[in-house]
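Right, one structure below, let's go through it.
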Amino acid sequence: MGKQQFYETAKPQETAVLVAVPSYRQSDEQTAEYLDELAFLTETAGAKTVQRFVQKLDKPDTRTFVGSGKLEEIKAYVKEFDVDMVIFDDDLSPSQVRNIERELQVKIVDRSLLILDIFALRAKTAQAHAQVEMAQYQYLLPRLTNLWTHLSKQKGGIGMKGPGETEIETDRRIVRDKISLLKDRLTKFEKQNFEQRKSRGGIVRTALVGYTNVGKSTIMNLLSKSDVFAENKLFATVDATVRKVVLDNVPFLLSDTVGFIRKLPTKLIESFKSTLDEIREADLLVHVVDISHPSFEDHIAVVNDTLKDINSADKPVLLVFNKIDQYLAQREQELQEEGAVHVRPSLDDLKETYMAKIHAPALFISATNKINIEELRNELQRRVAEIHFERYPNNI
């Protein structure tokens with residue numbers, strides 16, 4: 001009897017090159033940081049970044065986004081190393097996708113398509129699947145003339161999930177009908193969610209908000225003693241999760257919501273309306289910030305801008321800086337490096353700064369190492385109790 005033969009059945013990991021076209025006003029450090037985030041998105045979607053290309057322009061080329069010389073440089077690299085796709089850190093017009101694809105002869109993915117793909121991977125519930133699918137169709141509708149014909153030829157991978165895998169939606173009318181059906185389905189979900197939220201009357205609602213991958217789900221697990229999925233990847237949580245929490249005999253509902261990110265696709269925000277209603281209808285927002293990230297202040301601004309977009313910027317906010325263990329380790333390393341150009345401020349300095357800015361306690365914690373969690377519980381209990389006694393004086 002011969003030896004058992006085994007065959008490799010796993011698909012090889014897709015490879016990608018990243019392309020950014022910053023303005024001359026943008027610093028090299030900021031460009032590198034934005035590309036780091038794009039690389040993290042690419043990794044979260046399941047691909048491997050093998051090269052980065054940057055071209056500073058006053059404005060992107062209307063035909064191919066990058067200049068002809070840079071496009072030739074990308075083409076040579078893609079061909080030499082047999083790269084699967086090129087990912088742009090901005091949205092491309094349908095004609096730009098068509099022109100670039102014609103030149104490079106590989107899959108072209110822009111930022112919105114990449115984020116939509118990750119949401120498709122992360123969606124768990126029927127509602128989340130419907131929300132992502134509708135956003136995908138809305139994204140693809142104006143691109144049918146050039147995208148649809150090659151989508152049917154692809155064998156999976158980034159940008160190919162959901163509607164891109166079928167061959168029958170080759171007609172705009174069919175796609176519009178599909179969008180209409182999904183809207184009807186989402187309306188039913190919204191009615192169900194509204195009834196559920198209405199039944200929660202008499203109890204304070206609190207929502208965790210923040211940039212993606214700041215540790216909201218880990219905090220949710222600590223406070224509610226539940227088992228919400230948490231992972232060191234972008235958009236680990238897509239569906240809103242609601243848990244009842246009781247702190248010192250004060251009950252409230254705590255929601256873990258989808259993380260925000262710069263250039264979050266507008267269609268995705270529209271599709272996730274019912275999930276974002278958990279934020280809109282919250283009495284208190286707990287804004288979680290990854291203090292170890294070098295651009296945490298930019299992240300705060302992105303979250304605040306997104307809250308404005310969904311008409312939730314006027315709500316009471318408890319600012320919580322997470323991952324202080326990583327921040328302190330980074331600061332210690334900077335202090336030890338001779339001639340370090342930049343040394344992060346101490347936590348005491350930051351506390352003074354943010355307490356002065358917001359006129360209320362800003363908390364500094366580590367959810368993973370459970371540092372200052374009791375302080376978080378106490379402050380959250382105090383804030384919720386104030387709202388509870390104000391809103392529901394007869395329900396004590």
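As shown in the structure tokens, the chain order sets the letters A, B, ...; within each chain, residues go from 1, and ligands are also counted from 1 in the order they appear.
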Every residue of stretch 283-386 of chain A that DSSP places in alpha helix (DSSP H), as a PyMOL selection string: chain A and resi 296-309+324-336+347-358+373-386
Fewer than 4 positions away in the same chain doesn't count, so skip those; otherwise give me all residues within 9 Å of A:Glu332, counting only C-alpha atoms, as a list in words.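 Here the qualifying residues turn out to be Tyr327, Leu328, Gln336, Glu337, Val343 and Arg344 of chain A.
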Just list the residues in stretch 47-131 of chain A DSSP gives strand (DSSP E or B) on the backbone, as number ranges by chain. A: 48-54, 61, 65, 85-88, 107-109
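What separates atom CA of A:His342 from atom CA of A:Arg25 is a distance of 21.6 Å.
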Give me, as a list in words, all polymer residues having an atom no more than 9 Å from A:Ile291, counting only C-alpha atoms and skipping those fewer than 4 positions away in the same chain. Val214, Ser295, Phe296, Glu297, Phe321, Asn322, Lys323, Ile324, Gln326, Tyr327 and Phe364 of chain A
Compare A:Lys244, A:Arg172, A:Arg111, A:Lys191 by their minimum atom-to-atom distance to A:Ile203, counting only C-alpha atoms, and give me the closest one. A:Lys244
